[in-house]
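Undergrad: Just so it is clear, I am handing over input.cif, which has mmCIF, C-alpha atoms.
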```cif
data_data
loop_
_atom_site.label_atom_id
_atom_site.label_comp_id
_atom_site.auth_asym_id
_atom_site.auth_seq_id
_atom_site.Cartn_x
_atom_site.Cartn_y
_atom_site.Cartn_z
CA ILE A 22 0.00 0.00 0.00
CA PRO A 23 1.82 3.15 -1.11
CA ASN A 24 1.79 5.84 1.53
CA GLU A 25 1.50 9.14 -0.35
CA LYS A 26 -0.28 11.01 2.44
CA ASN A 27 0.66 11.68 6.02
CA SER A 28 -1.45 8.80 7.30
CA ILE A 29 -3.10 5.59 6.16
CA GLY A 30 -6.82 5.50 6.88
CA ILE A 31 -9.28 2.66 6.94
CA GLU A 32 -10.35 2.89 3.27
CA PRO A 33 -7.08 1.54 1.80
CA ILE A 34 -7.32 -1.41 4.21
CA ARG A 35 -10.90 -2.08 3.17
CA GLU A 36 -9.83 -1.95 -0.48
CA LEU A 37 -7.04 -4.37 0.35
CA ASN A 38 -9.58 -6.79 1.85
CA ARG A 39 -11.72 -6.57 -1.29
CA ARG A 40 -8.72 -7.41 -3.49
CA LEU A 41 -7.73 -10.32 -1.27
CA SER A 42 -11.12 -11.88 -1.86
CA HIS A 43 -10.07 -12.52 -5.49
CA LYS A 44 -7.69 -15.26 -6.51
CA PRO A 45 -4.09 -14.26 -7.28
CA SER A 46 -3.53 -13.80 -11.00
CA ILE A 47 0.20 -14.51 -11.43
CA SER A 48 1.20 -16.53 -8.34
CA ASN A 49 -0.19 -18.86 -5.72
CA ALA A 50 -0.59 -16.12 -3.11
CA HIS A 51 -1.07 -12.40 -2.73
CA VAL A 52 1.93 -10.33 -1.60
CA ILE A 53 1.02 -7.16 0.30
CA LEU A 54 3.48 -4.41 1.21
CA ILE A 55 2.35 -1.73 3.64
CA SER A 56 4.97 1.00 3.60
CA ARG A 57 5.38 3.02 6.82
CA GLY A 58 2.89 0.96 8.79
CA ASP A 59 3.25 3.38 11.71
CA LYS A 60 1.22 5.84 9.60
CA MET A 61 -1.90 3.67 9.91
CA ASN A 62 -4.48 5.26 12.18
CA PRO A 63 -6.13 3.11 14.89
CA ALA A 64 -9.17 2.28 12.72
CA ALA A 65 -6.92 1.11 9.89
CA GLN A 66 -4.82 -1.01 12.24
CA ASN A 67 -7.89 -2.67 13.73
CA ALA A 68 -9.23 -3.43 10.25
CA LEU A 69 -5.87 -4.92 9.27
CA LEU A 70 -5.81 -6.99 12.45
CA LYS A 71 -8.94 -8.85 11.38
CA THR A 72 -7.34 -9.57 8.00
CA LEU A 73 -4.15 -10.86 9.63
CA GLU A 74 -6.18 -13.17 11.85
CA GLU A 75 -8.38 -14.55 9.07
CA PRO A 76 -7.06 -13.68 5.59
CA PRO A 77 -9.64 -14.43 2.89
CA GLY A 78 -7.00 -16.30 0.88
CA PRO A 79 -3.29 -17.21 0.78
CA ALA A 80 -1.26 -14.06 1.38
CA PHE A 81 2.09 -12.76 2.61
CA PHE A 82 2.08 -9.45 4.47
CA PHE A 83 5.10 -7.15 4.74
CA ILE A 84 4.78 -4.09 6.99
CA THR A 85 7.70 -1.67 7.06
CA THR A 86 8.11 0.80 9.90
CA ALA A 87 10.79 2.77 11.72
CA ALA A 88 8.53 2.98 14.79
CA TYR A 89 7.69 -0.63 15.63
CA ARG A 90 5.96 0.17 18.92
CA SER A 91 3.52 2.50 17.21
CA LEU A 92 1.80 -0.62 15.86
CA LEU A 93 -0.94 -2.13 18.01
CA ILE A 94 0.37 -4.82 20.31
CA THR A 95 -2.24 -7.18 18.83
CA ILE A 96 -0.66 -6.68 15.39
CA ARG A 97 2.87 -7.07 16.76
CA SER A 98 1.89 -10.38 18.34
CA ARG A 99 0.78 -11.74 14.96
CA VAL A 100 3.81 -10.87 12.86
CA GLN A 101 7.45 -11.87 12.77
CA ARG A 102 9.77 -8.94 13.37
CA ILE A 103 12.82 -8.59 11.12
CA HIS A 104 15.19 -5.75 12.04
CA LEU A 105 17.00 -4.07 9.15
CA ASN A 106 19.82 -1.60 9.77
CA ALA A 107 19.24 1.80 8.22
CA ALA A 108 21.41 2.87 5.32
CA SER A 109 24.09 5.42 6.12
CA SER A 110 23.05 9.06 6.07
CA ALA A 111 25.37 9.64 3.10
CA LEU A 112 23.55 6.99 1.07
CA GLN A 113 20.18 8.39 2.10
CA LEU A 114 21.22 11.89 1.04
CA GLU A 115 22.22 10.41 -2.32
CA HIS A 116 18.78 8.81 -2.45
CA LEU A 117 17.18 12.23 -1.92
CA LYS A 118 19.12 13.53 -4.90
CA SER A 119 18.01 10.55 -7.02
CA LEU A 120 14.40 11.47 -6.26
CA GLY A 121 14.99 14.91 -7.69
CA ILE A 122 14.89 16.63 -4.31
CA GLU A 123 16.99 19.76 -4.27
CA LYS A 124 20.21 19.64 -2.33
CA PRO A 125 19.52 20.56 1.31
CA ASN A 126 21.08 23.82 2.40
CA HIS A 127 24.01 23.51 4.79
CA ILE A 128 22.04 23.74 8.01
CA LEU A 129 19.47 21.09 6.94
CA ALA A 130 22.14 18.78 5.52
CA GLN A 131 24.07 18.94 8.78
CA ILE A 132 21.01 17.87 10.78
CA LEU A 133 20.09 15.13 8.32
CA GLU A 134 23.61 13.68 8.58
CA GLN A 135 22.83 12.92 12.25
CA GLU A 136 19.64 11.03 11.42
CA ARG A 137 19.44 7.35 10.51
CA ASP A 138 16.06 6.79 8.89
CA ASN A 139 13.21 8.39 6.92
CA LEU A 140 15.42 11.18 5.60
CA GLU A 141 12.99 12.12 2.84
CA GLU A 142 10.17 12.79 5.30
CA LYS A 143 12.46 14.52 7.79
CA TYR A 144 13.89 16.71 5.05
CA GLN A 145 10.41 17.93 4.12
CA GLN A 146 9.62 18.62 7.78
CA LEU A 147 12.86 20.50 8.33
CA LYS A 148 12.40 22.51 5.16
CA GLU A 149 8.91 23.61 6.25
CA LEU A 150 10.10 24.43 9.78
CA ASP A 151 13.06 26.38 8.41
CA GLN A 152 10.72 28.53 6.32
CA LYS A 153 8.42 29.12 9.29
CA PHE A 154 11.29 30.03 11.62
CA ASN A 155 12.70 32.47 9.07
CA SER A 156 9.28 34.04 8.48
CA PHE A 157 8.81 34.55 12.22
CA LEU A 158 12.31 35.92 12.78
CA LYS A 159 11.89 38.45 9.98
CA ASN A 160 8.72 39.80 11.59
CA PRO A 161 8.23 38.56 15.19
CA ASN A 162 4.57 38.95 16.17
CA ASN A 163 2.04 37.17 18.36
CA LEU A 164 -0.02 35.77 15.47
CA GLU A 165 2.99 34.03 13.92
CA LEU A 166 4.12 32.96 17.40
CA VAL A 167 0.88 31.08 18.16
CA GLY A 168 0.86 29.28 14.82
CA LEU A 169 4.53 28.31 14.94
CA ALA A 170 4.41 27.15 18.57
CA SER A 171 1.32 25.07 17.81
CA ASP A 172 3.04 23.41 14.83
CA LEU A 173 6.18 22.69 16.85
CA GLY A 174 4.32 21.34 19.85
CA ALA A 175 1.84 19.13 18.00
CA LYS A 176 4.07 16.06 17.80
CA ALA A 177 7.15 14.96 19.72
CA GLU A 178 9.11 14.17 16.52
CA THR A 179 8.29 17.56 14.97
CA SER A 180 9.33 19.27 18.18
CA ARG A 181 12.58 17.26 18.28
CA LEU A 182 13.54 18.19 14.73
CA GLY A 183 12.48 21.78 15.35
CA PHE A 184 14.69 21.90 18.42
CA LEU A 185 17.73 20.68 16.46
CA LEU A 186 17.08 23.31 13.81
CA TRP A 187 16.45 26.03 16.37
CA CYS A 188 19.63 25.27 18.34
CA THR A 189 21.71 25.60 15.18
CA LYS A 190 20.09 28.95 14.38
CA LEU A 191 20.58 30.12 17.97
CA ARG A 192 24.23 29.04 17.90
CA ASP A 193 24.77 31.05 14.70
CA ASN A 194 23.02 34.04 16.24
CA MET A 195 25.22 33.89 19.34
CA ALA A 196 28.36 33.46 17.23
CA THR A 197 27.43 36.52 15.16
CA HIS A 198 26.78 38.51 18.33
CA PHE A 199 30.26 37.68 19.60
CA GLY A 200 31.97 38.55 16.30
CA ALA A 201 32.17 35.29 14.33
CA SER A 202 32.69 35.65 10.58
CA PRO A 203 29.97 34.37 8.20
CA ASN A 204 32.10 31.41 7.06
CA HIS A 205 31.99 30.07 10.64
CA LEU A 206 28.20 29.87 10.63
CA HIS A 207 26.06 26.80 9.93
CA ASP A 208 23.15 28.61 8.31
CA ASN A 209 23.83 29.92 4.81
CA THR A 210 20.80 32.24 4.80
CA PRO A 211 20.94 35.92 5.82
CA ILE A 212 18.35 35.42 8.55
CA ALA A 213 21.08 34.38 11.01
CA ASN A 214 22.24 38.00 11.20
CA THR A 215 18.88 39.76 11.33
CA TRP A 216 17.58 39.12 14.85
CA LYS A 217 19.13 40.48 17.97
CA TYR A 218 20.87 38.03 20.30
CA SER A 219 19.24 37.74 23.72
CA GLY A 220 20.36 35.82 26.79
CA SER A 221 16.69 35.31 27.72
CA VAL A 222 16.10 33.44 24.44
CA TYR A 223 19.11 31.23 25.20
CA GLN A 224 17.85 30.52 28.74
CA ALA A 225 14.36 29.72 27.49
CA THR A 226 15.89 27.24 25.03
CA ILE A 227 17.88 25.55 27.81
CA ASP A 228 14.74 25.39 29.98
CA TYR A 229 12.82 23.79 27.12
CA HIS A 230 15.47 21.09 26.72
CA THR A 231 15.41 20.37 30.46
CA ARG A 232 11.64 20.34 30.89
CA ASN A 233 11.01 18.34 27.73
CA ARG A 234 12.63 15.37 29.44
CA VAL A 235 9.73 15.25 31.89
CA ASN A 236 7.00 15.60 29.21
CA ALA A 237 6.33 19.28 29.67
CA ASN A 238 3.75 20.97 27.48
CA ARG A 239 5.76 21.43 24.29
CA THR A 240 3.56 24.16 22.82
CA LEU A 241 3.81 26.33 25.93
CA ALA A 242 7.57 25.80 26.05
CA TRP A 243 7.92 26.97 22.44
CA GLU A 244 5.68 29.96 23.16
CA ARG A 245 8.07 30.97 25.93
CA ILE A 246 11.10 30.77 23.62
CA LEU A 247 9.43 32.71 20.81
CA SER A 248 7.87 35.32 23.11
CA ASN A 249 11.36 36.21 24.35
CA ILE A 250 12.29 37.01 20.75
CA ILE A 251 9.30 39.36 20.48
CA ASP A 252 10.24 41.05 23.76
CA THR A 253 13.84 41.46 22.56
CA ASP A 254 12.67 42.83 19.23
CA HIS A 255 10.49 45.45 20.94
CA GLN A 256 13.38 46.51 23.19
CA SER A 257 15.81 47.00 20.28
#
```
Using structure tokens, write down the structure from this file.
TA:
Amino acid sequence: IPNEKNSIGIEPIRELNRRLSHKPSISNAHVILISRGDKMNPAAQNALLKTLEEPPGPAFFFITTAAYRSLLITIRSRVQRIHLNAASSALQLEHLKSLGIEKPNHILAQILEQERDNLEEKYQQLKELDQKFNSFLKNPNNLELVGLASDLGAKAETSRLGFLLWCTKLRDNMATHFGASPNHLHDNTPIANTWKYSGSVYQATIDYHTRNRVNANRTLAWERILSNIIDTDHQS
């Protein structure tokens, strides 16, 4: 089942069940591949569970996922787990190029080199977050703050990637404040030099990292970081 959207709903699983009711045309059994099985919503997983328990005909199921525990325990108990090591980040970056995806700018490439799986999806997330951060930093205001904080706090993985991106931008901002030359910066966009360095922003970032370990409200934590930028901007 190709996963072209951000999630797999129940309809593709129902369609799968309808197809399984027909005899295989070129082999003795159906072969089903569900890519990124962790993207199945609960309704889809429950529908698949019934098929796994009582398939309407001979079939082999392959479910790929980088988040095994996101699958229902009832599904996990009915499949055999095969662990595959992720390709190196260098190979995955080459794969991005083969898909026609533009070369990541320096700051995004540096973050992606630290990741081990799903680089294509993470690249798209980082690219969107980079654009949103830059838009906010060019014109810090409460409306942009609420939207950006909500996006960053919605999911733990989005917040994690956003934090990596933010720390790199903050590091560049601090380096610029203390006189670093442009060739010592990670970010190759001018935005790194346009917002005023503030110790309160740095402290709010440290607090976020500390509190996030105890499942603090991510959205509120991001609001605190971004609101310090607005306060600094108004004081300058």
Undergrad: Might you pull out every residue within 12 Å of range 56-65 of chain A, with only C-alpha atoms counted and same-chain residues fewer than 3 positions away left off, and present them as a PyMOL selection string?
TA: chain A and resi 22-38+53+68-72+82-97+138-139+142
Undergrad: With C-alpha atoms retained, export the selected residues as a short mmCIF file (atom, residue, chain, number, x, y, z; two decimals), in the coordinates of the input.
TA:
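Written output follows (out_27.cif):
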```cif
data_model
loop_
_atom_site.label_atom_id
_atom_site.label_comp_id
_atom_site.auth_asym_id
_atom_site.auth_seq_id
_atom_site.Cartn_x
_atom_site.Cartn_y
_atom_site.Cartn_z
CA ILE A 22 0.00 0.00 0.00
CA PRO A 23 1.82 3.15 -1.11
CA ASN A 24 1.79 5.84 1.53
CA GLU A 25 1.50 9.14 -0.35
CA LYS A 26 -0.28 11.01 2.44
CA ASN A 27 0.66 11.68 6.02
CA SER A 28 -1.45 8.80 7.30
CA ILE A 29 -3.10 5.59 6.16
CA GLY A 30 -6.82 5.50 6.88
CA ILE A 31 -9.28 2.66 6.94
CA GLU A 32 -10.35 2.89 3.27
CA PRO A 33 -7.08 1.54 1.80
CA ILE A 34 -7.32 -1.41 4.21
CA ARG A 35 -10.90 -2.08 3.17
CA GLU A 36 -9.83 -1.95 -0.48
CA LEU A 37 -7.04 -4.37 0.35
CA ASN A 38 -9.58 -6.79 1.85
CA ILE A 53 1.02 -7.16 0.30
CA ALA A 68 -9.23 -3.43 10.25
CA LEU A 69 -5.87 -4.92 9.27
CA LEU A 70 -5.81 -6.99 12.45
CA LYS A 71 -8.94 -8.85 11.38
CA THR A 72 -7.34 -9.57 8.00
CA PHE A 82 2.08 -9.45 4.47
CA PHE A 83 5.10 -7.15 4.74
CA ILE A 84 4.78 -4.09 6.99
CA THR A 85 7.70 -1.67 7.06
CA THR A 86 8.11 0.80 9.90
CA ALA A 87 10.79 2.77 11.72
CA ALA A 88 8.53 2.98 14.79
CA TYR A 89 7.69 -0.63 15.63
CA ARG A 90 5.96 0.17 18.92
CA SER A 91 3.52 2.50 17.21
CA LEU A 92 1.80 -0.62 15.86
CA LEU A 93 -0.94 -2.13 18.01
CA ILE A 94 0.37 -4.82 20.31
CA THR A 95 -2.24 -7.18 18.83
CA ILE A 96 -0.66 -6.68 15.39
CA ARG A 97 2.87 -7.07 16.76
CA ASP A 138 16.06 6.79 8.89
CA ASN A 139 13.21 8.39 6.92
CA GLU A 142 10.17 12.79 5.30
#
```
Undergrad: At what distance in Å, to one decimal, does CA of Leu140 in chain A lie from CA of Arg99 in chain A?
TA: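 Separation between CA of Arg99 in chain A and CA of Leu140 in chain A: 28.8 Å.
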Undergrad: For Asn249 in chain A, which of A:Ile55, A:Leu133, A:Leu158, A:Leu112 is the closest residue, counting all atoms listed in the file?
TA: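 Result for the nearest residue to Asn249 in chain A: A:Leu158.
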Undergrad: Just checking: using only C-alpha atoms, which residue out of A:Leu185, A:Lys44, A:Lys118, A:Leu169 ends up closest to Leu147 in chain A?
TA: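 When distances to Leu147 in chain A are compared using only C-alpha atoms, the smallest one comes from A:Leu185.
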Undergrad: Rounded to one decimal place, report the CA of Asn160 in chain A-CA of Ile251 in chain A distance in Å.
TA: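 Atom-to-atom, CA of Asn160 in chain A and CA of Ile251 in chain A are spaced 8.9 Å apart.
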Undergrad: What's the 8 Å shell around Leu247 in chain A, counting all atoms listed in the file, without same-chain residues fewer than 5 positions away, as a PyMOL selection string?
TA: chain A and resi 166+170+222
